[in-house]
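Below is work-v3.pdb, holding PDB, C-alpha atoms and all ligand atoms.
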ATOM      1  CA  MET A   1     102.218  60.194  29.828
ATOM      2  CA  ARG A   2     102.562  60.960  33.499
ATOM      3  CA  SER A   3     105.858  59.207  33.867
ATOM      4  CA  SER A   4     107.272  60.774  30.693
ATOM      5  CA  SER A   5     106.400  64.284  31.838
ATOM      6  CA  LEU A   6     107.832  63.464  35.222
ATOM      7  CA  SER A   7     111.090  62.255  33.714
ATOM      8  CA  ALA A   8     111.273  65.364  31.517
ATOM      9  CA  LEU A   9     110.803  67.508  34.586
ATOM     10  CA  VAL A  10     113.460  65.546  36.420
ATOM     11  CA  SER A  11     115.793  66.091  33.457
ATOM     12  CA  ILE A  12     115.223  69.822  33.452
ATOM     13  CA  VAL A  13     115.624  70.230  37.174
ATOM     14  CA  CYS A  14     118.643  67.994  36.983
ATOM     15  CA  SER A  15     120.307  69.987  34.228
ATOM     16  CA  LEU A  16     119.467  73.263  35.924
ATOM     17  CA  LEU A  17     120.912  72.141  39.220
ATOM     18  CA  LEU A  18     124.023  70.427  37.957
ATOM     19  CA  HIS A  19     125.755  73.496  36.660
ATOM     20  CA  SER A  20     129.218  72.173  36.947
ATOM     21  CA  ARG A  21     128.656  68.457  36.451
ATOM     22  CA  TRP A  22     126.724  68.017  33.268
ATOM     23  CA  GLY A  23     128.667  64.946  32.344
ATOM     24  CA  THR A  24     127.019  62.993  35.123
ATOM     25  CA  CYS A  25     123.508  64.128  34.277
ATOM     26  CA  GLN A  26     122.862  63.986  30.561
ATOM     27  CA  GLN A  27     119.238  63.004  30.648
ATOM     28  CA  VAL A  28     118.059  65.718  28.285
ATOM     29  CA  PRO A  29     118.355  64.287  24.762
ATOM     30  CA  ALA A  30     119.999  66.452  22.108
ATOM     31  CA  ASP A  31     117.005  66.161  19.772
ATOM     32  CA  ALA A  32     114.477  68.968  20.264
ATOM     33  CA  ASN A  33     111.305  66.890  20.061
ATOM     34  CA  THR A  34     112.679  64.225  22.352
ATOM     35  CA  ALA A  35     113.978  66.836  24.799
ATOM     36  CA  CYS A  36     110.606  68.602  24.862
ATOM     37  CA  ARG A  37     108.516  65.448  25.246
ATOM     38  CA  GLY A  38     106.221  66.031  28.187
ATOM     39  CA  VAL A  39     107.151  69.706  28.514
ATOM     40  CA  VAL A  40     104.002  71.706  27.844
ATOM     41  CA  SER A  41     105.707  75.033  27.351
ATOM     42  CA  GLY A  42     108.994  76.594  28.251
ATOM     43  CA  THR A  43     112.621  76.925  27.295
ATOM     44  CA  ILE A  44     115.200  74.338  28.293
ATOM     45  CA  PRO A  45     118.965  74.322  27.876
ATOM     46  CA  HIS A  46     120.682  72.053  25.387
ATOM     47  CA  PRO A  47     122.350  69.169  27.285
ATOM     48  CA  THR A  48     125.841  69.576  25.880
ATOM     49  CA  ASP A  49     126.070  72.866  23.975
ATOM     50  CA  CYS A  50     125.518  75.967  26.009
ATOM     51  CA  THR A  51     125.132  78.214  22.978
ATOM     52  CA  ARG A  52     121.921  76.347  22.171
ATOM     53  CA  TYR A  53     118.528  75.818  23.770
ATOM     54  CA  PHE A  54     115.149  74.267  23.005
ATOM     55  CA  VAL A  55     111.839  76.062  22.937
ATOM     56  CA  CYS A  56     109.058  73.653  23.819
ATOM     57  CA  TRP A  57     105.433  74.156  22.977
ATOM     58  CA  GLN A  58     102.745  71.503  23.417
ATOM     59  CA  SER A  59     105.491  68.913  23.838
ATOM     60  CA  THR A  60     107.132  69.616  20.487
ATOM     61  CA  GLY A  61     110.460  71.376  20.343
ATOM     62  CA  VAL A  62     112.350  73.838  18.214
ATOM     63  CA  ALA A  63     116.104  74.168  18.582
ATOM     64  CA  GLY A  64     117.493  77.663  19.053
ATOM     65  CA  GLN A  65     120.978  79.081  18.760
ATOM     66  CA  CYS A  66     122.323  82.111  20.609
ATOM     67  CA  SER A  67     124.165  84.798  18.636
ATOM     68  CA  PRO A  68     127.976  84.549  18.388
ATOM     69  CA  ASN A  69     129.666  85.128  21.777
ATOM     70  CA  PHE A  70     126.344  84.630  23.555
ATOM     71  CA  VAL A  71     125.364  81.664  25.710
ATOM     72  CA  PHE A  72     122.072  80.446  27.108
ATOM     73  CA  ASN A  73     121.795  81.271  30.802
ATOM     74  CA  PRO A  74     119.171  78.959  32.366
ATOM     75  CA  LEU A  75     118.814  81.239  35.377
ATOM     76  CA  VAL A  76     117.345  84.066  33.306
ATOM     77  CA  MET A  77     116.197  81.938  30.342
ATOM     78  CA  PHE A  78     117.777  83.984  27.603
ATOM     79  CA  CYS A  79     121.100  84.382  25.828
ATOM     80  CA  VAL A  80     123.626  86.560  27.622
ATOM     81  CA  HIS A  81     127.157  87.549  26.661
ATOM     82  CA  GLN A  82     129.574  84.728  27.435
ATOM     83  CA  SER A  83     131.441  86.946  29.879
ATOM     84  CA  GLN A  84     128.276  87.148  31.983
ATOM     85  CA  TYR A  85     127.652  83.451  32.441
ATOM     86  CA  ARG A  86     130.096  80.632  32.901
ATOM     87  CA  CYS A  87     128.986  77.667  30.850
ATOM     88  CA  PRO A  88     128.753  74.396  32.722
ATOM     89  CA  MET A  89     130.500  72.784  29.744
ATOM     90  CA  GLU A  90     132.966  74.015  27.190
ATOM     91  CA  VAL A  91     131.569  76.197  24.464
ATOM     92  CA  THR A  92     132.280  74.165  21.392
ATOM     93  CA  THR A  93     131.220  76.555  18.668
ATOM     94  CA  VAL A  94     133.204  79.527  19.877
ATOM     95  CA  GLU A  95     136.935  79.295  20.405
ATOM     96  CA  PRO A  96     137.817  80.578  23.861
ATOM     97  CA  GLU A  97     139.809  83.766  23.699
ATOM     98  CA  VAL A  98     143.478  83.331  24.376
ATOM     99  CA  THR A  99     144.369  85.484  27.300
ATOM    100  CA  SER A 100     147.998  85.853  28.085
ATOM    101  CA  SER A 101     149.528  87.998  30.739
ATOM    102  CA  SER A 102     152.375  88.989  28.468
ATOM    103  CA  THR A 103     150.297  90.240  25.553
ATOM    104  CA  VAL A 104     147.627  92.836  26.079
ATOM    105  CA  GLU A 105     145.760  93.431  22.894
ATOM    106  CA  VAL A 106     144.593  96.980  22.466
ATOM    107  CA  THR A 107     141.832  97.432  19.944
ATOM    108  CA  GLY A 108     140.439 100.668  18.665
ATOM    109  CA  GLY A 109     142.153 103.959  18.287
ATOM    110  CA  THR A 110     142.479 104.992  21.884
ATOM    111  CA  THR A 111     145.044 103.530  24.196
ATOM    112  CA  PRO A 112     143.753 103.235  27.741
ATOM    113  CA  GLY A 113     145.238 106.141  29.590
ATOM    114  CA  LEU A 114     147.966 104.894  31.813
ATOM    115  CA  CYS A 115     149.229 108.380  32.416
ATOM    116  CA  VAL A 116     145.835 110.037  32.298
ATOM    117  CA  GLN A 117     143.999 110.206  35.575
ATOM    118  CA  THR A 118     140.969 107.935  35.346
ATOM    119  CA  PRO A 119     138.169 107.430  37.845
ATOM    120  CA  TRP A 120     138.310 104.202  39.879
ATOM    121  CA  GLU A 121     135.222 102.979  38.027
ATOM    122  CA  ALA A 122     137.183 102.916  34.761
ATOM    123  CA  HIS A 123     139.256 100.039  36.067
ATOM    124  CA  PHE A 124     136.162  97.843  36.132
ATOM    125  CA  CYS A 125     135.003  98.986  32.712
ATOM    126  CA  TRP A 126     138.143  97.715  31.039
ATOM    127  CA  ASN A 127     137.094  94.874  28.745
ATOM    128  CA  HIS A 128     133.459  95.154  29.772
ATOM    129  CA  ALA A 129     130.874  93.460  27.576
ATOM    130  CA  SER A 130     127.872  95.530  28.540
ATOM    131  CA  GLU A 131     127.120  99.164  29.027
ATOM    132  CA  LEU A 132     126.360  98.801  32.717
ATOM    133  CA  ILE A 133     128.306  96.534  35.029
ATOM    134  CA  ARG A 134     127.911  95.509  38.654
ATOM    135  CA  ASN A 135     129.557  97.432  41.354
ATOM    136  CA  PRO A 136     131.670  94.574  42.700
ATOM    137  CA  VAL A 137     131.087  95.502  46.336
ATOM    138  CA  ASN A 138     127.548  96.865  46.414
ATOM    139  CA  CYS A 139     124.619  95.122  44.709
ATOM    140  CA  THR A 140     122.474  98.263  44.822
ATOM    141  CA  GLN A 141     124.961 100.094  42.617
ATOM    142  CA  TYR A 142     126.205  99.770  39.061
ATOM    143  CA  ILE A 143     128.893 101.397  36.983
ATOM    144  CA  ASP A 144     127.911 103.152  33.801
ATOM    145  CA  CYS A 145     130.812 102.389  31.478
ATOM    146  CA  GLU A 146     129.468 104.381  28.539
ATOM    147  CA  ARG A 147     129.550 107.636  30.430
ATOM    148  CA  THR A 148     132.555 109.870  30.364
ATOM    149  CA  PRO A 149     133.904 109.754  32.907
ATOM    150  CA  GLN A 150     132.635 106.337  33.968
ATOM    151  CA  ALA A 151     130.479 106.740  37.026
ATOM    152  CA  ASN A 152     129.158 104.686  39.888
ATOM    153  CA  GLN A 153     125.366 104.954  40.110
ATOM    154  CA  ASP A 154     122.743 104.103  42.719
ATOM    155  CA  CYS A 155     119.700 101.994  41.880
ATOM    156  CA  PRO A 156     116.453 103.568  43.095
ATOM    157  CA  PRO A 157     115.827 102.803  46.794
ATOM    158  CA  GLY A 158     114.911  99.160  47.456
ATOM    159  CA  LYS A 159     116.260  97.967  44.122
ATOM    160  CA  LEU A 160     119.248  95.854  43.080
ATOM    161  CA  PHE A 161     121.215  95.857  39.871
ATOM    162  CA  SER A 162     120.869  92.906  37.473
ATOM    163  CA  LEU A 163     123.733  92.513  35.008
ATOM    164  CA  SER A 164     121.808  90.256  32.636
ATOM    165  CA  TYR A 165     118.817  92.545  32.429
ATOM    166  CA  GLN A 166     120.875  95.762  32.698
ATOM    167  CA  ASP A 167     118.260  97.130  35.043
ATOM    168  CA  CYS A 168     117.408  97.659  38.712
ATOM    169  CA  PHE A 169     114.757  95.420  40.261
ATOM    170  CA  PRO A 170     113.130  95.161  43.699
ATOM    171  CA  GLY A 171     115.230  93.134  46.076
ATOM    172  CA  ASN A 172     116.784  92.753  49.475
ATOM    173  CA  GLU A 173     119.819  94.981  49.947
ATOM    174  CA  ARG A 174     121.209  92.819  52.725
ATOM    175  CA  THR A 175     121.056  89.465  50.947
ATOM    176  CA  CYS A 176     121.327  90.866  47.395
ATOM    177  CA  GLN A 177     118.455  88.562  46.402
ATOM    178  CA  MET A 178     115.842  89.739  43.932
ATOM    179  CA  GLU A 179     112.313  89.874  45.294
ATOM    180  CA  PRO A 180     110.443  86.657  44.471
ATOM    181  CA  LEU A 181     106.990  86.681  42.954
ATOM    182  CA  ALA A 182     104.449  87.266  45.719
ATOM    183  CA  GLY A 183     102.420  84.132  46.531
ATOM    184  CA  GLU A 184      99.247  86.220  46.499
ATOM    185  CA  PHE A 185      99.969  87.608  43.036
ATOM    186  CA  CYS A 186      96.831  86.013  41.612
ATOM    187  CA  ASP A 187      94.518  87.004  44.457
ATOM    188  CA  GLY A 188      91.441  88.686  43.016
ATOM    189  CA  LYS A 189      92.622  88.245  39.426
ATOM    190  CA  PRO A 190      90.625  86.337  36.823
ATOM    191  CA  ALA A 191      92.382  83.322  35.257
ATOM    192  CA  GLY A 192      94.791  84.311  32.522
ATOM    193  CA  SER A 193      98.292  85.539  31.790
ATOM    194  CA  TYR A 194      99.781  88.636  33.376
ATOM    195  CA  ALA A 195     103.040  90.496  32.911
ATOM    196  CA  HIS A 196     105.652  89.648  35.528
ATOM    197  CA  PRO A 197     105.951  92.548  37.988
ATOM    198  CA  TYR A 198     109.482  93.379  36.788
ATOM    199  CA  LEU A 199     111.020  90.717  34.487
ATOM    200  CA  CYS A 200     109.893  91.498  30.952
ATOM    201  CA  ASN A 201     110.757  88.096  29.449
ATOM    202  CA  ARG A 202     108.583  86.324  31.989
ATOM    203  CA  PHE A 203     104.880  86.233  32.683
ATOM    204  CA  VAL A 204     102.565  84.785  35.273
ATOM    205  CA  THR A 205      99.650  82.548  34.479
ATOM    206  CA  CYS A 206      96.914  82.540  37.099
ATOM    207  CA  PHE A 207      94.639  79.545  37.323
ATOM    208  CA  ARG A 208      92.266  78.986  40.235
ATOM    209  CA  GLY A 209      94.107  81.694  42.126
ATOM    210  CA  MET A 210      97.476  79.942  41.806
ATOM    211  CA  PRO A 211     100.390  81.626  40.013
ATOM    212  CA  ARG A 212     102.619  79.785  37.546
ATOM    213  CA  LEU A 213     105.765  81.493  36.364
ATOM    214  CA  ASP A 214     106.233  81.176  32.597
ATOM    215  CA  THR A 215     109.041  82.303  30.329
ATOM    216  CA  CYS A 216     109.048  83.744  26.830
ATOM    217  CA  PRO A 217     111.579  82.103  24.462
ATOM    218  CA  PRO A 218     114.952  83.861  24.072
ATOM    219  CA  GLY A 219     114.486  86.881  21.795
ATOM    220  CA  TYR A 220     110.926  87.448  23.002
ATOM    221  CA  VAL A 221     109.402  89.623  25.704
ATOM    222  CA  PHE A 222     105.907  89.650  27.148
ATOM    223  CA  ASP A 223     103.588  92.246  25.660
ATOM    224  CA  GLU A 224     101.247  93.446  28.376
ATOM    225  CA  ALA A 225      98.681  94.812  25.932
ATOM    226  CA  ARG A 226      98.503  91.756  23.683
ATOM    227  CA  LEU A 227      99.023  89.317  26.567
ATOM    228  CA  ARG A 228     101.560  87.213  24.692
ATOM    229  CA  CYS A 229     105.259  86.989  23.937
ATOM    230  CA  VAL A 230     106.409  89.173  21.061
ATOM    231  CA  HIS A 231     109.793  89.619  19.396
ATOM    232  CA  GLY A 232     111.950  91.815  21.570
ATOM    233  CA  ASP A 233     115.154  92.098  23.507
ATOM    234  CA  VAL A 234     115.139  92.206  27.301
ATOM    235  CA  LEU A 235     117.693  94.992  27.141
ATOM    236  CA  GLU A 236     115.108  97.165  25.398
ATOM    237  CA  CYS A 237     112.951  96.855  28.522
ATOM    238  CA  SER A 238     115.716  98.285  30.669
ATOM    239  CA  SER A 239     114.785 101.479  32.445
ATOM    240  CA  LEU A 240     118.480 102.397  32.608
ATOM    241  CA  LEU A 241     119.592 101.989  28.993
ATOM    242  CA  GLY A 242     118.858 104.097  25.972
ATOM    243  CA  GLY A 243     118.539 107.366  27.814
ATOM    244  CA  ASP A 244     120.779 109.390  25.584
TER     245      ASP A 244
HETATM  246  C1  LIG B 301     125.494 100.442  48.916
HETATM  247  O1  LIG B 301     125.186 101.705  48.397
HETATM  248  C2  LIG B 301     124.042 102.325  48.992
HETATM  249  C3  LIG B 301     123.714 103.581  48.201
HETATM  250  O2  LIG B 301     124.815 104.437  48.101
HETATM  251  C4  LIG B 301     124.363 102.601  50.449
HETATM  252  O3  LIG B 301     123.261 103.226  51.081
HETATM  253  C5  LIG B 301     124.666 101.269  51.127
HETATM  254  O4  LIG B 301     125.041 101.503  52.460
HETATM  255  C6  LIG B 301     125.788 100.549  50.406
HETATM  256  N1  LIG B 301     125.888  99.204  50.954
HETATM  257  C7  LIG B 301     127.055  98.683  51.309
HETATM  258  C8  LIG B 301     127.017  97.282  51.817
HETATM  259  O5  LIG B 301     128.102  99.300  51.219
END
Would it be possible to restate this file's structure as structure tokens?
Amino acid sequence: MRSSSLSALVSIVCSLLLHSRWGTCQQVPADANTACRGVVSGTIPHPTDCTRYFVCWQSTGVAGQCSPNFVFNPLVMFCVHQSQYRCPMEVTTVEPEVTSSSTVEVTGGTTPGLCVQTPWEAHFCWNHASELIRNPVNCTQYIDCERTPQANQDCPPGKLFSLSYQDCFPGNERTCQMEPLAGEFCDGKPAGSYAHPYLCNRFVTCFRGMPRLDTCPPGYVFDEARLRCVHGDVLECSSLLGGD
């Protein structure tokens, strides 16, 4: 039991670390129950197909599939648009788009204005997959591509923009790193599960004063009132989206 959970943990850590070299580290079996053996709860990536993942509960597993054009991003533990995460292996179920420098496909009725004066932000919004995109030079800013004209926006002070979550979270402006969970998070709290301070698909379980970071399966978010994961999209938690 101990050694099997240890080897499962090694497999997960291994597959999470080896982003670019999955071929040399295929210890996670492709069968959900085998992959989840020894994993009490959590979501783990599929070893060879990045559009899939396994949700483990009490050491049994259920295979999950991201929507078309979405891939499982193990860093945030949910499915993100394929333009937002480079798969460590080829996506087998979705044909990669053919991009050629000689053919520029224009879809929709409006031709991007070559003669019309556009704001500099519009350049970055071309071909964007999400409403808000990173400002490429400043992690505290994002570009709202749905606005007309497209506009560069500031996160609230002390916060950084997250592309996957489409939201601003506490972080260090110098290093562009999101703020980690405080070690004393559980101090003075009774044992139990608590909403993560800012990531709505994650939650913290306190036991004997020690925090453990847990993740809801893709397609679920943590409900603070019911203290469990419920169906929901992380983008619906965004404080920046859905304003108008
Ligand atoms: C990023 O933008 C913020 C807000 O406008 C600004 O205060 C900060 O100096 C900028 N950081 C860099 C590295 O340009």
Practice item. Rank nothing, just name the residue among A:Val221, A:Cys229, A:Val204, A:Cys87 nearest to Lys189 (chain A), using only C-alpha atoms. Key: A:Val204
Check what the PyMOL selection byres (((not hetatm)) within 8 of (chain B and resi 301)) selects in the file above and give those residues as a PDB file with C-alpha atoms, in the coordinates of the input.
ATOM      1  CA  VAL A 137     131.087  95.502  46.336  1.00  0.00           C
ATOM      2  CA  ASN A 138     127.548  96.865  46.414  1.00  0.00           C
ATOM      3  CA  CYS A 139     124.619  95.122  44.709  1.00  0.00           C
ATOM      4  CA  THR A 140     122.474  98.263  44.822  1.00  0.00           C
ATOM      5  CA  GLN A 141     124.961 100.094  42.617  1.00  0.00           C
ATOM      6  CA  ASP A 154     122.743 104.103  42.719  1.00  0.00           C
ATOM      7  CA  CYS A 155     119.700 101.994  41.880  1.00  0.00           C
ATOM      8  CA  GLU A 173     119.819  94.981  49.947  1.00  0.00           C
ATOM      9  CA  ARG A 174     121.209  92.819  52.725  1.00  0.00           C
TER      10      ARG A 174
END
Point to revise | Atom pair CA of Ala35 (chain A) / CA of Val71 (chain A): separation (Å) | key: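 Separating CA of Ala35 (chain A) from CA of Val71 (chain A) is a distance of 18.7 Å.
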Check your understanding: For Cys200 (chain A), which of A:Tyr85, A:Trp57, A:Phe124, A:Phe169 is the closest residue, counting all atoms listed in the file?
Key ->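 The shortest atom-to-atom distance to Cys200 (chain A) comes from A:Phe169.
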**Study point:** Ground truth for the PyMOL selection byres (((chain A and resi 142) around 7) and not hetatm), written as a PyMOL selection string
**Key:** chain A and resi 132-135+141+143-144+152-154+161
Practice item. Name the residues in contact with Asn69 (chain A) at a cut-off of 9 Å, using all atoms listed in the file, excluding same-chain residues fewer than 4 positions from it; report them as a ChimeraX atom specification. Key: /A:51,80-83,94
Point to revise | Separation of CA of Ile44 (chain A) from CA of Glu236 (chain A) in Å | key: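 For CA of Glu236 (chain A) relative to CA of Ile44 (chain A), the distance reads 23.0 Å.
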Check your understanding: What is the distance between CA of Cys125 (chain A) and CA of Phe72 (chain A), in Å to one decimal?
Key ->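 One can read the CA of Cys125 (chain A) to CA of Phe72 (chain A) distance as 23.3 Å.
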Exercise for review: Using all atoms listed in the file, find the one residue out of A:Val39, A:Ala129, A:Cys145, A:Cys56 that sits nearest to Ser164 (chain A).
Suggested key: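 Smallest distance to Ser164 (chain A) is found for A:Ala129.
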Review point. In terms of the shortest atom-to-atom distance over all atoms listed in the file, which of A:Asp187, A:Ser193, A:Thr60, A:Phe222 is closest to Gly209 (chain A)?
Key: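 Among A:Asp187, A:Ser193, A:Thr60, A:Phe222, it is A:Asp187 that comes nearest to Gly209 (chain A).
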Practice item. Using the chain letters and numbers from the file, give me the residues hit by the PyMOL selection byres (((chain A and resi 214) around 8) and not hetatm), as a ChimeraX atom specification. Key: /A:42,202-205,212-213,215-216
Exercise for review: Find, counting only C-alpha atoms, the residue in A:His196, A:Arg208, A:His128, A:Arg37 that gets nearest to Gln84 (chain A).
Suggested key: A:His128
Point to revise | For Gln65 (chain A): contacts at 12 Å, all atoms listed in the file, fewer than 5 positions along chain excluded, given as a ChimeraX atom specification | key: /A:45-46,49-55,70-72,78-80,93,217-219
Emit the selected residues as a PDB file, keeping the file's coordinate frame, including C-alpha atoms.
ATOM      1  CA  PRO A  45     118.965  74.322  27.876  1.00  0.00           C
ATOM      2  CA  HIS A  46     120.682  72.053  25.387  1.00  0.00           C
ATOM      3  CA  ASP A  49     126.070  72.866  23.975  1.00  0.00           C
ATOM      4  CA  CYS A  50     125.518  75.967  26.009  1.00  0.00           C
ATOM      5  CA  THR A  51     125.132  78.214  22.978  1.00  0.00           C
ATOM      6  CA  ARG A  52     121.921  76.347  22.171  1.00  0.00           C
ATOM      7  CA  TYR A  53     118.528  75.818  23.770  1.00  0.00           C
ATOM      8  CA  PHE A  54     115.149  74.267  23.005  1.00  0.00           C
ATOM      9  CA  VAL A  55     111.839  76.062  22.937  1.00  0.00           C
ATOM     10  CA  PHE A  70     126.344  84.630  23.555  1.00  0.00           C
ATOM     11  CA  VAL A  71     125.364  81.664  25.710  1.00  0.00           C
ATOM     12  CA  PHE A  72     122.072  80.446  27.108  1.00  0.00           C
ATOM     13  CA  PHE A  78     117.777  83.984  27.603  1.00  0.00           C
ATOM     14  CA  CYS A  79     121.100  84.382  25.828  1.00  0.00           C
ATOM     15  CA  VAL A  80     123.626  86.560  27.622  1.00  0.00           C
ATOM     16  CA  THR A  93     131.220  76.555  18.668  1.00  0.00           C
ATOM     17  CA  PRO A 217     111.579  82.103  24.462  1.00  0.00           C
ATOM     18  CA  PRO A 218     114.952  83.861  24.072  1.00  0.00           C
ATOM     19  CA  GLY A 219     114.486  86.881  21.795  1.00  0.00           C
TER      20      GLY A 219
END
Review point. Nearest to Cys36 (chain A) among A:Thr48, A:Gln58, A:His231, A:Glu131, with distances taken over only C-alpha atoms: which residue is it?
Key: A:Gln58
Point to revise | Spatial neighbours of Cys237 (chain A), max dist 10 Å, only C-alpha atoms, sep filter under 4 positions, as a VMD selection string | key: chain A and resid 165 to 167 198 to 201 221 232 to 233 241 to 242
Go ahead and write the residues just picked, C-alpha atoms, as a PDB file, keeping the file's coordinate frame.
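Output contents, as saved in part_14.pdb:
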ATOM      1  CA  TYR A 165     118.817  92.545  32.429  1.00  0.00           C
ATOM      2  CA  GLN A 166     120.875  95.762  32.698  1.00  0.00           C
ATOM      3  CA  ASP A 167     118.260  97.130  35.043  1.00  0.00           C
ATOM      4  CA  TYR A 198     109.482  93.379  36.788  1.00  0.00           C
ATOM      5  CA  LEU A 199     111.020  90.717  34.487  1.00  0.00           C
ATOM      6  CA  CYS A 200     109.893  91.498  30.952  1.00  0.00           C
ATOM      7  CA  ASN A 201     110.757  88.096  29.449  1.00  0.00           C
ATOM      8  CA  VAL A 221     109.402  89.623  25.704  1.00  0.00           C
ATOM      9  CA  GLY A 232     111.950  91.815  21.570  1.00  0.00           C
ATOM     10  CA  ASP A 233     115.154  92.098  23.507  1.00  0.00           C
ATOM     11  CA  LEU A 241     119.592 101.989  28.993  1.00  0.00           C
ATOM     12  CA  GLY A 242     118.858 104.097  25.972  1.00  0.00           C
TER      13      GLY A 242
END
Using 6 Å of padding on each side, determine the axis-aligned box around all atoms of region 74-87 of chain A present in the file and give its centre and edge lengths in Å to one decimal, as AutoDock Vina command-line options.
--center_x 123.8 --center_y 82.6 --center_z 30.6 --size_x 27.2 --size_y 21.9 --size_z 21.5
